[in-house]
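Take a look at the structure set out below.
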Amino acid sequence: MTEQQIVGVGPAFATYLRRFRGCFSQNRTAKHFGTYCRGLLSDLSRKSIEPIALEAGTAVRTLQEFLVTARWDQASARDTLQKYLGSVVADLASDPLGTVGVIDETSCRKWGDHTPGVQRQYLGCVGKVDNGIVTVHLAVAKGTFQALLDADLFVPKAWAADRDRCERAGIPDDVGHQTKWRLAIDQWLRATGNGLSFDWLTFDEGYGAAVPFLKFLSLVNQRFVAEVPVNFRVRDTAEGRSRRADARLPATDTRSGTRHRVAHRTVRASFWRVATAAVWVADRVHTLVVAVNENTDEVKYFLTNATTATRARVLAVAFRRWTVEHAFRLGKQEAGLMDYEGRNYTGLLRHLTLALVVLGFVATHTQRLRGEKSAGHSRTGVPGSEPAVRGRVPAEERRSRGATHQRRHRLSPAAERTGRQVSQETTAQILALNPRCTVRTVIVTGAEAPDEFVSPHCWARSGEKTQQGQ
């Protein structure tokens with residue numbers, strides 16, 4: 001990857017953001033949109049309103065109003081993102097699994113009681129019941145491409161029943177409690193309405209246990225592979241007596257089943273012993289699958305309405321759920337997905353939407369760079385983004401406040417160096433599109449980044465030298 005390609009990230013981001021211009025009725029609102037998105041891509045440790053505003057030299061109150069009260073259509077921004085990602089997915093090379101949609105949720109711990117939707121509930125981020133919020137998401141994966149498509153806040157029953165509390169948090173009267181699987185249906189409908197088509201949908205047992213959800217997917221001819229709990233009720237025949245999944249298909253049946261290898265991106269492949277049985281669920285025939293990990297003895301149950309699909313295909317689809325887990329890690333670490341610190345429902349939804357917009361750029365630009373490998377390399381020129389999130393890039397030593405007078409300083413054209421190749425290690429960091437890597441690489445190598453990409457604060461570093469760039 002050349003230095004010019006790294007510099008090109010800036011104009012590419014600016015061009016990408018322009019496709020959302022129609023969501024804003026005023027130029028100044030669109031300008032705040034760019035400021036906020038650049039803040040989400042910056043190297044700030046916390047990507048909420050105040051730090052983004054201070055970094056950009058914008059009044060904090062201005063960005064608060066942009067998220068909460070300004071006139072712009074976050075639903076239109078989401079739809080624009082989905083239509084764009086749908087076109088990207090459609091242009092990708094074919095993949096054996098096709099296009100896989102993944103439904104999952106993520107959470108964020110909160111210490112107060114004013115954030116919309118906050119209460120004591122199970123939080124996957126800490127693995128226990130704690131005080132926090134939960135958001136439901138739909139992701140898409142095809143080959144090496146993966147992206148988050150949608151986000152909804154889960155509003156608990158206690159919140160929906162207390163309309164005074166909802167009013168204080170800015171939750172509209174028409175927004176009440178919905179189960180997570182109903183939120184997932186709404187997201188699937190929006191995505192398909194915006195041109196996305198999924199060959200498969202997969203999700204964990206929190207959604208797989210909801211029989212009405214499974215029935216809906218079968219009615220709309222959406223193939224799925226759902227993880228289900230061991231006590232999920234199935235029938236041997238349409239009129240038969242229901243019983244638990246582990247009673248219908250015990251894990252011991254895998255001893256005479258088939259052995260399958262499941263490949264993983266960052267760890268070695270796992271091997272599973274698999275057995276299947278035909279069962280009836282929601283008045284339809286499904287295939288129940290039990291899989292036992294040979295190394296750990298972990299037992300998983302899956303249900304699919306694709307009764308003619310092979311066991312290997314069903315397993316491959318089921319284990320594509322790692323896609324959304326990686327997207328959550330990347331979103332939280334690099335795009336501030338759950339960093340909103342306000343008390344307003346609209347502000348929270350808009351923050352989530354803008355994080356999805358930024359992650360959409362990360363996903364598409366990563367895919368483009370991956371396809372632009374240099375000649376003479378036996379492997380892809382730009383590694384995948386997942387390994388880069390295993391360890392965060394070390395934070396730059398904090399500069400003294402006295403350096404701020406250099407904000408607008410730029411390197412002279414004589415200092416620019418062109419045509420130099422960047423190391424594979426640096427390229428891997430760039431591929432994760434962590435802007436602190438991108439911006440520093442651009443600055444240290446002496447190339448200029450455009451104003452619309454780098455905030456004025458970043459230019460304070462342009463006259464400095466770091467060990468990383470020597």
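Simple scheme: letters A, B, ... for chains in structure tokens order, numbers from 1 for residues in each chain, numbers from 1 for ligands in the order shown.
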DSSP-assigned strand (DSSP E) members of range 88-203 of chain A, reported as a count of residues only: 43
Range 75-101 of chain A residues near range 213-237 of chain A within 12 Å, closest pair each, using only C-alpha atoms, as a Markdown table:
```
| residue | atom | partner | partner_atom | distance |
| --- | --- | --- | --- | --- |
| A:Leu97 | CA | A:Arg223 | CA | 11.9 |
| A:Gly98 | CA | A:Arg223 | CA | 11.7 |
| A:Thr99 | CA | A:Arg223 | CA | 11.2 |
| A:Val100 | CA | A:Phe224 | CA | 9.2 |
| A:Gly101 | CA | A:Phe224 | CA | 9.1 |
```
Print the selection's residues with C-alpha atoms to a file, as an mmCIF file, in the first residue's frame.
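And here is the file that came out, result-v1.cif:
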```
data_model
loop_
_atom_site.group_PDB
_atom_site.id
_atom_site.type_symbol
_atom_site.label_atom_id
_atom_site.label_comp_id
_atom_site.auth_asym_id
_atom_site.auth_seq_id
_atom_site.Cartn_x
_atom_site.Cartn_y
_atom_site.Cartn_z
ATOM 1 C CA LEU A 97 -22.733 -19.032 1.814
ATOM 2 C CA GLY A 98 -24.136 -16.076 -0.068
ATOM 3 C CA THR A 99 -25.269 -13.035 1.922
ATOM 4 C CA VAL A 100 -25.810 -13.729 5.610
ATOM 5 C CA GLY A 101 -27.787 -11.436 7.907
#
```
Non-local contacts of Leu63 in chain A (12 Å; only C-alpha atoms; under 3 positions in same chain excluded) as a PyMOL selection string: chain A and resi 28-37+39+48-60+66-70+342+347+350-351
Put those residues in a file: N, CA and C atoms, as a JSON list (two decimals), in the first residue's frame.
```json
[["chain", "number", "residue", "atom", "x", "y", "z"],
["A", 28, "ARG", "N", -25.26, 24.32, 7.67],
["A", 28, "ARG", "CA", -24.58, 24.30, 8.95],
["A", 28, "ARG", "C", -24.86, 23.00, 9.70],
["A", 29, "THR", "N", -26.07, 22.45, 9.53],
["A", 29, "THR", "CA", -26.37, 21.15, 10.15],
["A", 29, "THR", "C", -25.54, 20.06, 9.51],
["A", 30, "ALA", "N", -25.40, 20.09, 8.19],
["A", 30, "ALA", "CA", -24.56, 19.12, 7.50],
["A", 30, "ALA", "C", -23.10, 19.25, 7.94],
["A", 31, "LYS", "N", -22.67, 20.48, 8.21],
["A", 31, "LYS", "CA", -21.30, 20.69, 8.68],
["A", 31, "LYS", "C", -21.10, 20.04, 10.05],
["A", 32, "HIS", "N", -22.09, 20.15, 10.93],
["A", 32, "HIS", "CA", -21.99, 19.50, 12.24],
["A", 32, "HIS", "C", -21.98, 17.98, 12.09],
["A", 33, "PHE", "N", -22.71, 17.49, 11.09],
["A", 33, "PHE", "CA", -22.70, 16.05, 10.79],
["A", 33, "PHE", "C", -21.28, 15.60, 10.47],
["A", 34, "GLY", "N", -20.59, 16.34, 9.61],
["A", 34, "GLY", "CA", -19.21, 16.00, 9.29],
["A", 34, "GLY", "C", -18.30, 16.07, 10.50],
["A", 35, "THR", "N", -18.50, 17.10, 11.33],
["A", 35, "THR", "CA", -17.69, 17.25, 12.54],
["A", 35, "THR", "C", -17.87, 16.06, 13.46],
["A", 36, "TYR", "N", -19.12, 15.65, 13.66],
["A", 36, "TYR", "CA", -19.39, 14.55, 14.58],
["A", 36, "TYR", "C", -18.83, 13.23, 14.04],
["A", 37, "CYS", "N", -19.01, 12.98, 12.75],
["A", 37, "CYS", "CA", -18.50, 11.74, 12.17],
["A", 37, "CYS", "C", -16.97, 11.69, 12.23],
["A", 39, "GLY", "N", -15.22, 13.11, 14.47],
["A", 39, "GLY", "CA", -14.93, 12.86, 15.87],
["A", 39, "GLY", "C", -15.04, 11.39, 16.22],
["A", 48, "SER", "N", -18.00, 10.99, 22.94],
["A", 48, "SER", "CA", -19.31, 11.56, 23.21],
["A", 48, "SER", "C", -19.28, 13.04, 22.82],
["A", 49, "ILE", "N", -20.37, 13.74, 23.05],
["A", 49, "ILE", "CA", -20.52, 15.10, 22.53],
["A", 49, "ILE", "C", -19.40, 16.03, 22.99],
["A", 50, "GLU", "N", -19.15, 16.07, 24.28],
["A", 50, "GLU", "CA", -18.20, 17.06, 24.80],
["A", 50, "GLU", "C", -16.79, 16.87, 24.26],
["A", 51, "PRO", "N", -16.19, 15.68, 24.36],
["A", 51, "PRO", "CA", -14.84, 15.55, 23.82],
["A", 51, "PRO", "C", -14.74, 15.79, 22.32],
["A", 52, "ILE", "N", -15.77, 15.39, 21.56],
["A", 52, "ILE", "CA", -15.75, 15.64, 20.12],
["A", 52, "ILE", "C", -15.79, 17.14, 19.84],
["A", 53, "ALA", "N", -16.66, 17.86, 20.55],
["A", 53, "ALA", "CA", -16.78, 19.30, 20.35],
["A", 53, "ALA", "C", -15.47, 20.02, 20.70],
["A", 54, "LEU", "N", -14.88, 19.67, 21.84],
["A", 54, "LEU", "CA", -13.65, 20.32, 22.26],
["A", 54, "LEU", "C", -12.51, 20.03, 21.29],
["A", 55, "GLU", "N", -12.44, 18.81, 20.78],
["A", 55, "GLU", "CA", -11.40, 18.45, 19.83],
["A", 55, "GLU", "C", -11.55, 19.23, 18.52],
["A", 56, "ALA", "N", -12.80, 19.45, 18.12],
["A", 56, "ALA", "CA", -13.05, 20.12, 16.84],
["A", 56, "ALA", "C", -13.08, 21.64, 16.97],
["A", 57, "GLY", "N", -13.00, 22.15, 18.19],
["A", 57, "GLY", "CA", -13.08, 23.60, 18.36],
["A", 57, "GLY", "C", -14.49, 24.13, 18.19],
["A", 58, "THR", "N", -15.49, 23.29, 18.46],
["A", 58, "THR", "CA", -16.90, 23.66, 18.34],
["A", 58, "THR", "C", -17.51, 23.77, 19.73],
["A", 59, "ALA", "N", -18.46, 24.66, 19.91],
["A", 59, "ALA", "CA", -19.14, 24.78, 21.19],
["A", 59, "ALA", "C", -19.86, 23.48, 21.53],
["A", 60, "VAL", "N", -19.73, 23.05, 22.77],
["A", 60, "VAL", "CA", -20.38, 21.81, 23.19],
["A", 60, "VAL", "C", -21.89, 21.91, 23.00],
["A", 66, "PHE", "N", -27.26, 19.74, 17.83],
["A", 66, "PHE", "CA", -27.23, 18.97, 16.59],
["A", 66, "PHE", "C", -27.82, 17.58, 16.81],
["A", 67, "LEU", "N", -27.49, 16.94, 17.92],
["A", 67, "LEU", "CA", -27.98, 15.59, 18.17],
["A", 67, "LEU", "C", -29.42, 15.58, 18.65],
["A", 68, "VAL", "N", -29.83, 16.58, 19.42],
["A", 68, "VAL", "CA", -31.11, 16.48, 20.12],
["A", 68, "VAL", "C", -32.23, 17.27, 19.44],
["A", 69, "THR", "N", -31.97, 18.51, 19.05],
["A", 69, "THR", "CA", -33.07, 19.38, 18.59],
["A", 69, "THR", "C", -32.97, 19.82, 17.13],
["A", 70, "ALA", "N", -31.80, 19.69, 16.51],
["A", 70, "ALA", "CA", -31.66, 20.15, 15.13],
["A", 70, "ALA", "C", -32.56, 19.36, 14.19],
["A", 342, "GLY", "N", -25.69, 11.35, 26.95],
["A", 342, "GLY", "CA", -26.81, 12.26, 27.17],
["A", 342, "GLY", "C", -28.00, 11.56, 27.80],
["A", 347, "GLY", "N", -31.30, 11.94, 20.84],
["A", 347, "GLY", "CA", -29.85, 12.07, 20.79],
["A", 347, "GLY", "C", -29.16, 10.72, 20.78],
["A", 350, "ARG", "N", -29.66, 9.09, 17.32],
["A", 350, "ARG", "CA", -28.83, 9.75, 16.31],
["A", 350, "ARG", "C", -27.35, 9.39, 16.49],
["A", 351, "HIS", "N", -26.90, 9.30, 17.72],
["A", 351, "HIS", "CA", -25.52, 8.89, 17.95],
["A", 351, "HIS", "C", -25.29, 7.48, 17.39]]
```
Based on the backbone DSSP call, show me all residues of range 122-303 of chain A assigned helix (DSSP H, G or I), as a PDB file with C-alpha atoms, in the first residue's frame.
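Output saved as states_36.pdb:
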```pdb
ATOM      1  CA  LYS A 157     -41.671  -2.479  30.134  1.00  0.00           C
ATOM      2  CA  ALA A 158     -41.025  -0.390  33.248  1.00  0.00           C
ATOM      3  CA  TRP A 159     -39.988   2.546  31.077  1.00  0.00           C
ATOM      4  CA  ALA A 160     -42.932   2.246  28.696  1.00  0.00           C
ATOM      5  CA  ALA A 161     -45.354   2.168  31.640  1.00  0.00           C
ATOM      6  CA  ARG A 163     -44.900   7.995  30.538  1.00  0.00           C
ATOM      7  CA  ASP A 164     -43.703  10.892  32.700  1.00  0.00           C
ATOM      8  CA  ARG A 165     -40.249   9.365  32.774  1.00  0.00           C
ATOM      9  CA  CYS A 166     -40.434   8.786  29.025  1.00  0.00           C
ATOM     10  CA  GLU A 167     -41.372  12.425  28.474  1.00  0.00           C
ATOM     11  CA  ARG A 168     -38.379  13.618  30.513  1.00  0.00           C
ATOM     12  CA  LYS A 180     -36.296  -7.718  20.997  1.00  0.00           C
ATOM     13  CA  TRP A 181     -37.461 -10.145  18.346  1.00  0.00           C
ATOM     14  CA  ARG A 182     -40.102  -7.634  17.203  1.00  0.00           C
ATOM     15  CA  LEU A 183     -37.393  -5.013  16.895  1.00  0.00           C
ATOM     16  CA  ALA A 184     -35.470  -7.547  14.799  1.00  0.00           C
ATOM     17  CA  ILE A 185     -38.480  -7.984  12.497  1.00  0.00           C
ATOM     18  CA  ASP A 186     -38.709  -4.215  12.000  1.00  0.00           C
ATOM     19  CA  GLN A 187     -35.015  -4.109  11.135  1.00  0.00           C
ATOM     20  CA  TRP A 188     -35.344  -6.969   8.651  1.00  0.00           C
ATOM     21  CA  LEU A 189     -38.293  -5.215   6.997  1.00  0.00           C
ATOM     22  CA  ARG A 190     -36.388  -1.935   6.724  1.00  0.00           C
ATOM     23  CA  ALA A 191     -33.284  -3.594   5.288  1.00  0.00           C
ATOM     24  CA  THR A 192     -35.187  -5.621   2.683  1.00  0.00           C
ATOM     25  CA  GLY A 193     -37.232  -2.530   1.834  1.00  0.00           C
ATOM     26  CA  GLU A 205     -31.079 -18.490  21.365  1.00  0.00           C
ATOM     27  CA  GLY A 206     -32.451 -15.241  22.759  1.00  0.00           C
ATOM     28  CA  TYR A 207     -34.208 -14.821  19.409  1.00  0.00           C
ATOM     29  CA  GLY A 208     -34.354 -18.483  18.439  1.00  0.00           C
ATOM     30  CA  VAL A 211     -41.519 -19.133  17.998  1.00  0.00           C
ATOM     31  CA  PRO A 212     -43.564 -16.240  16.509  1.00  0.00           C
ATOM     32  CA  PHE A 213     -40.318 -14.792  15.160  1.00  0.00           C
ATOM     33  CA  LEU A 214     -39.423 -18.107  13.515  1.00  0.00           C
ATOM     34  CA  LYS A 215     -42.925 -18.375  12.102  1.00  0.00           C
ATOM     35  CA  PHE A 216     -42.699 -14.899  10.590  1.00  0.00           C
ATOM     36  CA  LEU A 217     -39.388 -15.688   8.871  1.00  0.00           C
ATOM     37  CA  SER A 218     -40.830 -18.855   7.345  1.00  0.00           C
ATOM     38  CA  LEU A 219     -43.911 -16.976   6.143  1.00  0.00           C
ATOM     39  CA  ALA A 245     -35.045 -30.421  22.083  1.00  0.00           C
ATOM     40  CA  ASP A 246     -32.488 -32.366  24.141  1.00  0.00           C
ATOM     41  CA  ALA A 247     -35.082 -35.093  24.733  1.00  0.00           C
ATOM     42  CA  ARG A 248     -35.910 -35.358  21.041  1.00  0.00           C
ATOM     43  CA  ALA A 251     -26.251 -34.972  22.552  1.00  0.00           C
ATOM     44  CA  THR A 252     -25.194 -38.629  22.758  1.00  0.00           C
ATOM     45  CA  ASP A 253     -26.629 -39.142  19.264  1.00  0.00           C
ATOM     46  CA  THR A 254     -23.626 -37.256  17.872  1.00  0.00           C
ATOM     47  CA  ARG A 255     -21.432 -40.270  18.625  1.00  0.00           C
ATOM     48  CA  SER A 256     -22.904 -41.920  15.563  1.00  0.00           C
TER      49      SER A 256
END
```
Best match for closeness to Val136 in chain A among A:Leu349, A:Val317, A:Ala278, A:Leu359, counting only C-alpha atoms: A:Leu349
Point-to-point distance from CA of Ala335 in chain A to CA of Phe361 in chain A, Å rounded to tenths: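 Going from CA of Ala335 in chain A over to CA of Phe361 in chain A covers 10.9 Å.
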Asn131 in chain A environment, 9 Å, only C-alpha atoms, sequence neighbours closer than 6 positions dropped, as a PyMOL selection string: chain A and resi 108-113+118-123
For CA of Val358 in chain A and CA of Pro156 in chain A, the interatomic separation in Å (one decimal): 27.9 Å
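Excluding Gln74 in chain A itself and same-chain residues fewer than 3 positions from it, the residues having an atom within 9 Å of it are Cys23, Ala77, Arg78, Asp79, Leu349, Arg350, Thr353 and Leu354 of chain A, counting only C-alpha atoms.
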